[in-house]
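Trainee: Next comes my_file14.cif, mmCIF, C-alpha atoms:
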```cif
data_work
loop_
_atom_site.label_atom_id
_atom_site.label_comp_id
_atom_site.auth_asym_id
_atom_site.auth_seq_id
_atom_site.Cartn_x
_atom_site.Cartn_y
_atom_site.Cartn_z
CA ILE Q 27 -3.30 8.50 -23.38
CA CYS Q 28 -5.39 5.36 -22.87
CA ARG Q 29 -8.59 6.60 -24.56
CA HIS Q 30 -10.55 3.40 -23.97
CA SER Q 31 -10.04 3.52 -20.20
CA ILE Q 32 -11.11 7.17 -20.03
CA ALA Q 33 -14.14 6.50 -22.19
CA ARG Q 34 -15.29 3.73 -19.87
CA ILE Q 35 -15.03 6.04 -16.87
CA MET Q 36 -16.93 8.84 -18.58
CA ARG Q 37 -19.69 6.47 -19.69
CA SER Q 38 -20.14 5.31 -16.09
CA GLY Q 39 -20.92 8.86 -14.99
CA PHE Q 40 -17.51 9.51 -13.47
CA LEU Q 41 -17.49 13.27 -13.95
CA LEU Q 42 -21.04 13.73 -12.68
CA ALA Q 43 -20.40 11.61 -9.59
CA ALA Q 44 -17.17 13.52 -8.86
CA ARG Q 45 -19.13 16.76 -8.33
CA SER Q 46 -21.31 15.21 -5.63
CA ALA Q 47 -18.42 13.32 -4.03
CA MET Q 48 -17.12 16.45 -2.29
CA SER Q 49 -20.06 16.44 0.13
CA ASN Q 50 -20.78 12.71 0.30
CA GLN Q 51 -18.36 10.39 2.10
CA ARG Q 52 -19.85 7.25 0.58
CA ALA Q 53 -19.58 8.74 -2.91
CA ARG Q 54 -15.95 9.71 -2.29
CA TYR Q 55 -15.18 6.14 -1.30
CA ALA Q 56 -16.93 4.74 -4.38
CA MET Q 57 -15.13 7.14 -6.70
CA ARG Q 58 -11.77 6.35 -5.15
CA ASN Q 59 -12.36 2.69 -5.93
CA ARG Q 60 -13.26 3.58 -9.52
CA LEU Q 61 -10.02 5.49 -9.88
CA ALA Q 62 -8.03 2.57 -8.47
CA SER Q 63 -9.79 0.11 -10.76
CA ALA Q 64 -9.18 2.28 -13.81
CA VAL Q 65 -5.48 2.67 -13.05
CA ALA Q 66 -5.11 -1.07 -12.49
CA ARG Q 67 -6.53 -1.82 -15.95
CA MET Q 68 -4.23 0.46 -17.92
CA PRO Q 69 -0.49 0.05 -18.68
CA ALA Q 70 1.86 1.79 -16.25
CA LYS Q 71 3.18 4.14 -18.94
CA TYR Q 72 -0.25 5.79 -19.16
CA HIS Q 73 -0.64 6.49 -15.43
CA SER Q 74 0.84 10.00 -15.42
CA GLN Q 75 -1.25 11.03 -18.43
CA PHE Q 76 -4.38 9.63 -16.81
CA TRP Q 77 -3.85 11.61 -13.60
CA ALA Q 78 -3.16 14.74 -15.68
CA PHE Q 79 -6.53 14.23 -17.35
CA CYS Q 80 -8.18 13.82 -13.96
CA PHE Q 81 -6.65 17.07 -12.68
CA SER Q 82 -8.05 18.95 -15.65
CA THR Q 83 -11.61 17.94 -14.72
CA GLY Q 84 -11.58 20.05 -11.56
CA ALA Q 85 -10.93 20.19 -7.83
CA ALA Q 86 -13.33 17.34 -7.01
CA VAL Q 87 -11.19 14.80 -8.84
CA LEU Q 88 -8.05 16.27 -7.28
CA HIS Q 89 -9.58 15.68 -3.85
CA LEU Q 90 -10.35 12.07 -4.75
CA TYR Q 91 -6.88 11.49 -6.14
CA CYS Q 92 -5.22 12.77 -2.96
CA SER Q 93 -7.44 10.52 -0.86
CA PHE Q 94 -6.53 7.53 -3.00
CA ALA Q 95 -2.81 8.29 -3.13
CA ARG Q 96 -2.58 8.65 0.64
CA ALA Q 97 -4.04 5.17 1.14
CA GLU Q 98 -2.06 3.53 -1.68
CA ARG Q 99 0.37 0.82 -0.59
CA LYS Q 100 3.16 0.06 -3.03
CA GLU Q 101 4.23 -3.06 -1.14
CA THR Q 102 0.89 -4.77 -1.65
CA LYS Q 103 -1.66 -4.74 -4.46
CA ARG Q 104 -4.46 -5.95 -2.23
CA GLU Q 105 -7.25 -3.42 -1.61
CA SER Q 106 -9.22 -3.25 1.60
CA ILE Q 107 -12.93 -3.90 1.09
CA LEU Q 108 -13.81 -2.10 4.32
CA LYS Q 109 -15.63 1.22 4.23
CA PRO Q 110 -14.18 4.22 6.11
CA ASP Q 111 -17.04 4.14 8.63
CA ALA Q 112 -16.68 0.40 9.30
CA PRO Q 113 -15.64 -0.54 12.85
CA GLY Q 114 -11.92 -1.11 13.07
CA GLY Q 115 -8.95 -0.95 15.40
CA PHE Q 116 -9.64 -0.19 19.04
CA PRO Q 117 -13.23 -0.17 20.38
CA GLY Q 118 -15.12 2.92 19.27
CA GLN Q 119 -12.84 3.59 16.31
CA THR Q 120 -13.45 3.16 12.59
CA VAL Q 121 -11.26 2.33 9.62
CA GLY Q 122 -11.32 6.00 8.63
CA ASP Q 123 -9.57 6.98 11.87
CA TYR Q 124 -6.31 5.46 10.58
CA ASP Q 125 -3.85 6.72 8.00
CA LEU Q 126 -3.16 3.11 7.04
CA TYR Q 127 -5.54 0.26 7.83
CA ILE Q 128 -4.68 -3.18 6.46
CA ASN Q 129 -7.43 -5.75 6.61
CA SER Q 130 -6.22 -9.37 6.86
CA PRO Q 131 -2.51 -8.44 6.80
CA LYS Q 132 0.25 -10.71 5.53
CA SER Q 133 3.83 -11.03 6.71
CA GLU Q 134 5.09 -8.70 3.97
CA ASP Q 135 2.84 -5.93 5.35
CA LEU Q 136 4.60 -5.81 8.72
CA LYS Q 137 7.56 -3.81 7.46
CA LEU Q 138 5.23 -1.25 5.88
CA LEU Q 139 3.23 -0.87 9.10
CA VAL Q 140 6.35 -0.19 11.16
CA ARG Q 141 7.73 2.26 8.60
CA GLU Q 142 4.49 4.26 8.49
CA PHE Q 143 4.26 4.18 12.29
CA GLU Q 144 7.78 5.62 12.56
CA LYS Q 145 6.64 8.50 10.34
CA GLY Q 146 4.02 9.37 12.97
CA HIS Q 147 1.05 7.86 11.13
CA GLU Q 148 -1.82 6.00 12.76
CA VAL Q 149 -1.73 2.38 11.57
CA TRP Q 150 -3.61 -0.85 12.14
CA PRO Q 151 -2.54 -3.49 13.06
CA TRP Q 152 -0.92 -1.37 15.74
CA VAL Q 153 2.79 -1.29 16.50
CA TRP Q 154 3.03 -2.39 20.11
CA LEU Q 155 6.79 -2.83 20.50
CA TRP Q 156 9.39 -1.11 18.37
CA ARG Q 157 13.16 -1.13 18.55
CA ASN Q 158 14.74 0.57 21.53
CA GLU Q 159 17.85 2.61 20.78
CA ASN Q 160 19.06 2.03 24.35
CA GLY Q 161 19.15 -1.76 24.12
CA PRO Q 162 18.25 -4.84 22.06
CA HIS Q 163 14.87 -6.57 22.18
CA HIS Q 164 14.96 -10.33 22.74
CA VAL Q 165 11.83 -12.38 21.99
CA PHE Q 166 11.30 -16.00 23.01
CA ILE Q 167 8.50 -18.05 21.47
CA GLY Q 168 7.81 -20.91 23.85
CA VAL Q 169 9.98 -21.88 26.80
CA ASN Q 170 12.31 -24.67 27.87
CA ALA Q 171 15.21 -25.01 30.29
CA ASN Q 172 17.69 -23.38 27.92
CA ILE Q 173 15.42 -20.39 27.36
CA ARG Q 174 14.86 -20.03 31.10
CA ASN Q 175 18.63 -19.85 31.60
CA ARG Q 176 19.04 -17.44 28.69
CA ILE Q 177 16.43 -15.10 30.18
CA GLU Q 178 18.31 -15.09 33.47
CA GLU Q 179 21.56 -14.35 31.65
CA LEU Q 180 20.09 -11.48 29.63
CA ALA Q 181 18.55 -9.93 32.74
CA GLN Q 182 22.02 -9.23 34.11
CA ASP Q 183 22.36 -6.42 31.58
CA HIS Q 184 19.65 -3.79 32.15
CA ARG Q 185 19.88 -2.66 28.54
CA ASN Q 186 18.23 -5.87 27.36
CA ASN Q 187 14.47 -5.93 26.76
CA ILE Q 188 12.89 -9.38 27.06
CA LEU Q 189 9.53 -10.76 25.92
CA LEU Q 190 8.30 -14.32 26.43
CA ILE Q 191 5.43 -15.51 24.21
CA ASP Q 192 4.11 -18.43 26.24
CA THR Q 193 1.28 -19.71 24.06
CA MET Q 194 1.24 -23.16 25.68
CA LYS Q 195 1.42 -21.71 29.22
CA GLU Q 196 4.40 -23.87 30.08
CA ARG Q 197 6.64 -21.33 31.80
CA GLY Q 198 5.61 -22.64 35.23
CA LYS Q 199 7.44 -25.90 34.49
CA PHE Q 200 10.77 -24.07 34.51
CA ALA Q 201 10.36 -21.11 36.88
CA THR Q 202 7.79 -19.10 38.81
CA ASP Q 203 6.27 -15.89 37.51
CA ALA Q 204 8.20 -14.11 40.25
CA PHE Q 205 11.41 -15.27 38.57
CA TYR Q 206 10.36 -13.86 35.18
CA HIS Q 207 9.28 -10.58 36.75
CA LYS Q 208 12.59 -10.30 38.58
CA CYS Q 209 14.31 -10.78 35.23
CA ARG Q 210 12.19 -7.94 33.76
CA CYS Q 211 10.68 -10.40 31.30
CA ALA Q 212 7.33 -9.38 29.82
CA ILE Q 213 4.93 -12.29 29.31
CA VAL Q 214 2.05 -12.75 26.86
CA GLU Q 215 0.07 -15.91 26.17
CA ASN Q 216 -0.97 -15.08 22.61
CA LYS Q 217 -0.20 -17.02 19.47
CA VAL Q 218 2.16 -15.70 16.81
CA ALA Q 219 0.02 -14.99 13.75
CA LEU Q 220 2.66 -13.58 11.38
CA ILE Q 221 6.43 -13.24 11.29
CA ASP Q 222 8.86 -11.61 8.90
CA PRO Q 223 12.25 -13.04 9.93
CA LYS Q 224 14.18 -10.86 7.50
CA ALA Q 225 12.67 -7.61 8.79
CA LYS Q 226 12.63 -9.02 12.36
CA ILE Q 227 8.98 -8.20 12.98
CA LEU Q 228 6.13 -10.41 14.19
CA MET Q 229 2.42 -10.00 14.85
CA LEU Q 230 0.39 -11.65 17.61
CA ASP Q 231 -3.08 -13.06 17.07
CA ASP Q 232 -4.66 -9.92 18.58
CA GLU Q 233 -2.92 -7.82 15.89
CA ARG Q 234 -0.18 -6.40 18.07
CA VAL Q 235 3.00 -5.87 16.05
CA ALA Q 236 6.37 -6.33 17.75
CA CYS Q 237 9.88 -5.64 16.46
CA PHE Q 238 12.81 -7.67 17.74
CA ASP Q 239 16.57 -7.91 17.44
CA GLU Q 240 16.78 -11.57 18.36
CA CYS Q 241 14.06 -14.23 18.31
CA THR Q 242 14.43 -17.72 19.78
CA MET Q 243 11.90 -20.52 19.38
CA ALA Q 244 11.71 -23.31 21.94
CA PHE Q 245 12.15 -26.86 20.75
CA ARG Q 246 11.94 -30.04 22.78
CA PRO Q 247 12.49 -33.28 20.86
CA ARG Q 248 9.95 -36.01 21.43
CA VAL Q 249 11.15 -39.11 23.21
CA SER Q 250 9.96 -42.24 21.42
CA GLY Q 251 9.06 -45.55 23.00
#
```
In C-alpha cells, write the structure found in this file.

Mentor:
Amino acid sequence: ICRHSIARIMRSGFLLAARSAMSNQRARYAMRNRLASAVARMPAKYHSQFWAFCFSTGAAVLHLYCSFARAERKETKRESILKPDAPGGFPGQTVGDYDLYINSPKSEDLKLLVREFEKGHEVWPWVWLWRNENGPHHVFIGVNANIRNRIEELAQDHRNNILLIDTMKERGKFATDAFYHKCRCAIVENKVALIDPKAKILMLDDERVACFDECTMAFRPRVSG
C-alpha cells in the first residue's frame, strides 16, 4: 500500500475529522475533497488497497467514500469547486439537489449528462430534448432559403421533430412565424455554446442540452465587390 500517502492523510487529522463529518455537511464536503486529492496523488495500482484501508477505519469513512464515488465522473478529471449548498440549476435549487452537477461543462461532458439522465438521475446542465423513439429530431442552426424549404419538406411527415436555432433572428427573411408553427418547427433564439458532433448532442447558452439525429448549419457565401 502507498504508506506515504496514508501517512500524509493521518498527519492532517483525517481520522479525527471523519468522526465529525457524519453530522457536519461542510466537513463531509472537505473530507471528500481530501479523499479525491489523496487518490489522485497515488498510482492507480494502489487505489483498491487505499479504499480497503479507509473501510477499516469505520463507518464514517465509508459514508464519505460513497458520497465521493457517486459524484465521480470517469469521463472528466475536472472537479467542481462548488459547495453542495451553492446556488445551482433552476431558481431555488442548490448544487446538492443534483446527482450530477457539472460546473463549466465541456463538449465531452454532454454524452455523460445524457447517459446519467437516461438512468433517471437529476443532472445539470439539464437535458431539454432527448431522442424520440417515434421519429428523428432535426436541428437547424441558422436559416436560409434551403433550410426553409427543408423544414417544409420534413413537416410533411408527422414523425419528424424540428428545431430551429435562430440566433441571428433572420427567419423572418424567409417565412413568417405562422409558417414555422404550421410546420411544427420549434424556435429558440439562443446561441449554441457546445456541440459534440460524434455523439450528436449540443448545449445552448442557457445550459439546455439537446440531442439530435441530424443537424444542419446555415451558410450564405458573401458576395464581394

Trainee: So how far away is atom CA of Glu142 of chain Q from atom CA of Asn186 of chain Q, in Å?

Mentor: 25.4 Å

Trainee: Just so the selection is clear, what residues does the PyMOL selection byres ((chain Q and resi 167-175) around 12) cover here, as a compact mmCIF listing (two decimals) with C-alpha atoms, in the frame of the given file?

Mentor:
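Final file, out-v9.txt:
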```
# COMPACT_ATOMS: atom_id res chain seq x y z
CA HIS Q 164 14.96 -10.33 22.74
CA VAL Q 165 11.83 -12.38 21.99
CA PHE Q 166 11.30 -16.00 23.01
CA ARG Q 176 19.04 -17.44 28.69
CA ILE Q 177 16.43 -15.10 30.18
CA GLU Q 178 18.31 -15.09 33.47
CA GLU Q 179 21.56 -14.35 31.65
CA LEU Q 180 20.09 -11.48 29.63
CA ALA Q 181 18.55 -9.93 32.74
CA GLN Q 182 22.02 -9.23 34.11
CA ILE Q 188 12.89 -9.38 27.06
CA LEU Q 189 9.53 -10.76 25.92
CA LEU Q 190 8.30 -14.32 26.43
CA ILE Q 191 5.43 -15.51 24.21
CA ASP Q 192 4.11 -18.43 26.24
CA THR Q 193 1.28 -19.71 24.06
CA MET Q 194 1.24 -23.16 25.68
CA LYS Q 195 1.42 -21.71 29.22
CA GLU Q 196 4.40 -23.87 30.08
CA ARG Q 197 6.64 -21.33 31.80
CA GLY Q 198 5.61 -22.64 35.23
CA LYS Q 199 7.44 -25.90 34.49
CA PHE Q 200 10.77 -24.07 34.51
CA ALA Q 201 10.36 -21.11 36.88
CA THR Q 202 7.79 -19.10 38.81
CA ASP Q 203 6.27 -15.89 37.51
CA PHE Q 205 11.41 -15.27 38.57
CA TYR Q 206 10.36 -13.86 35.18
CA CYS Q 209 14.31 -10.78 35.23
CA CYS Q 211 10.68 -10.40 31.30
CA ILE Q 213 4.93 -12.29 29.31
CA VAL Q 214 2.05 -12.75 26.86
CA GLU Q 215 0.07 -15.91 26.17
CA ASN Q 216 -0.97 -15.08 22.61
CA LYS Q 217 -0.20 -17.02 19.47
CA VAL Q 218 2.16 -15.70 16.81
CA ALA Q 219 0.02 -14.99 13.75
CA ILE Q 221 6.43 -13.24 11.29
CA LEU Q 228 6.13 -10.41 14.19
CA LEU Q 230 0.39 -11.65 17.61
CA PHE Q 238 12.81 -7.67 17.74
CA GLU Q 240 16.78 -11.57 18.36
CA CYS Q 241 14.06 -14.23 18.31
CA THR Q 242 14.43 -17.72 19.78
CA MET Q 243 11.90 -20.52 19.38
CA ALA Q 244 11.71 -23.31 21.94
CA PHE Q 245 12.15 -26.86 20.75
CA ARG Q 246 11.94 -30.04 22.78
CA PRO Q 247 12.49 -33.28 20.86
```

Trainee: May I ask which of the residues Q:Ala112, Q:Lys145, Q:Lys224, Q:Asp183 is the closest one to Asn129 of chain Q, counting all atoms listed in the file?

Mentor: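 Of all the options, Q:Ala112 lies closest to Asn129 of chain Q.
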
Trainee: Do you have the atom CA of Val140 of chain Q-atom CA of His207 of chain Q distance handy?

Mentor: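 Separation between atom CA of Val140 of chain Q and atom CA of His207 of chain Q: 27.8 Å.
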
Trainee: Closest to Glu148 of chain Q among Q:His184, Q:Ala225, Q:Ala212, Q:Asp123, using all atoms listed in the file?

Mentor: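 Result for the nearest residue to Glu148 of chain Q: Q:Asp123.
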
Trainee: Go ahead and compute the interatomic distance for atom CA of Asp135 of chain Q and atom CA of Asn158 of chain Q, in Å to one decimal.

Mentor: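 A separation of 21.1 Å between them.
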
Trainee: Identify which of the residues Q:Pro110, Q:Val149, Q:Arg185, Q:Pro223 lies closest to Gly161 of chain Q, counting only C-alpha atoms when measuring atom-to-atom distances.

Mentor: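 Closest candidate: Q:Arg185.
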
Trainee: The PyMOL selection byres ((chain Q and resi 138) around 12) - which residues does that actually catch in the file I just gave you? List them as a PyMOL selection string.

Mentor: chain Q and resi 98-102+126-128+131-137+139-145+147+149-153+222+225+227+235

Trainee: Between Q:Arg157, Q:Arg210, Q:Lys109, Q:Lys226, which one has atoms that come closest to Val121 of chain Q, using only C-alpha atoms?

Mentor: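 For Val121 of chain Q, the nearest of the given residues is Q:Lys109.
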
Trainee: Find, counting only C-alpha atoms, the residue in Q:Leu108, Q:Glu233, Q:Gly146, Q:Pro162 that gets nearest to Asp125 of chain Q.

Mentor: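 For Asp125 of chain Q, the nearest of the given residues is Q:Gly146.
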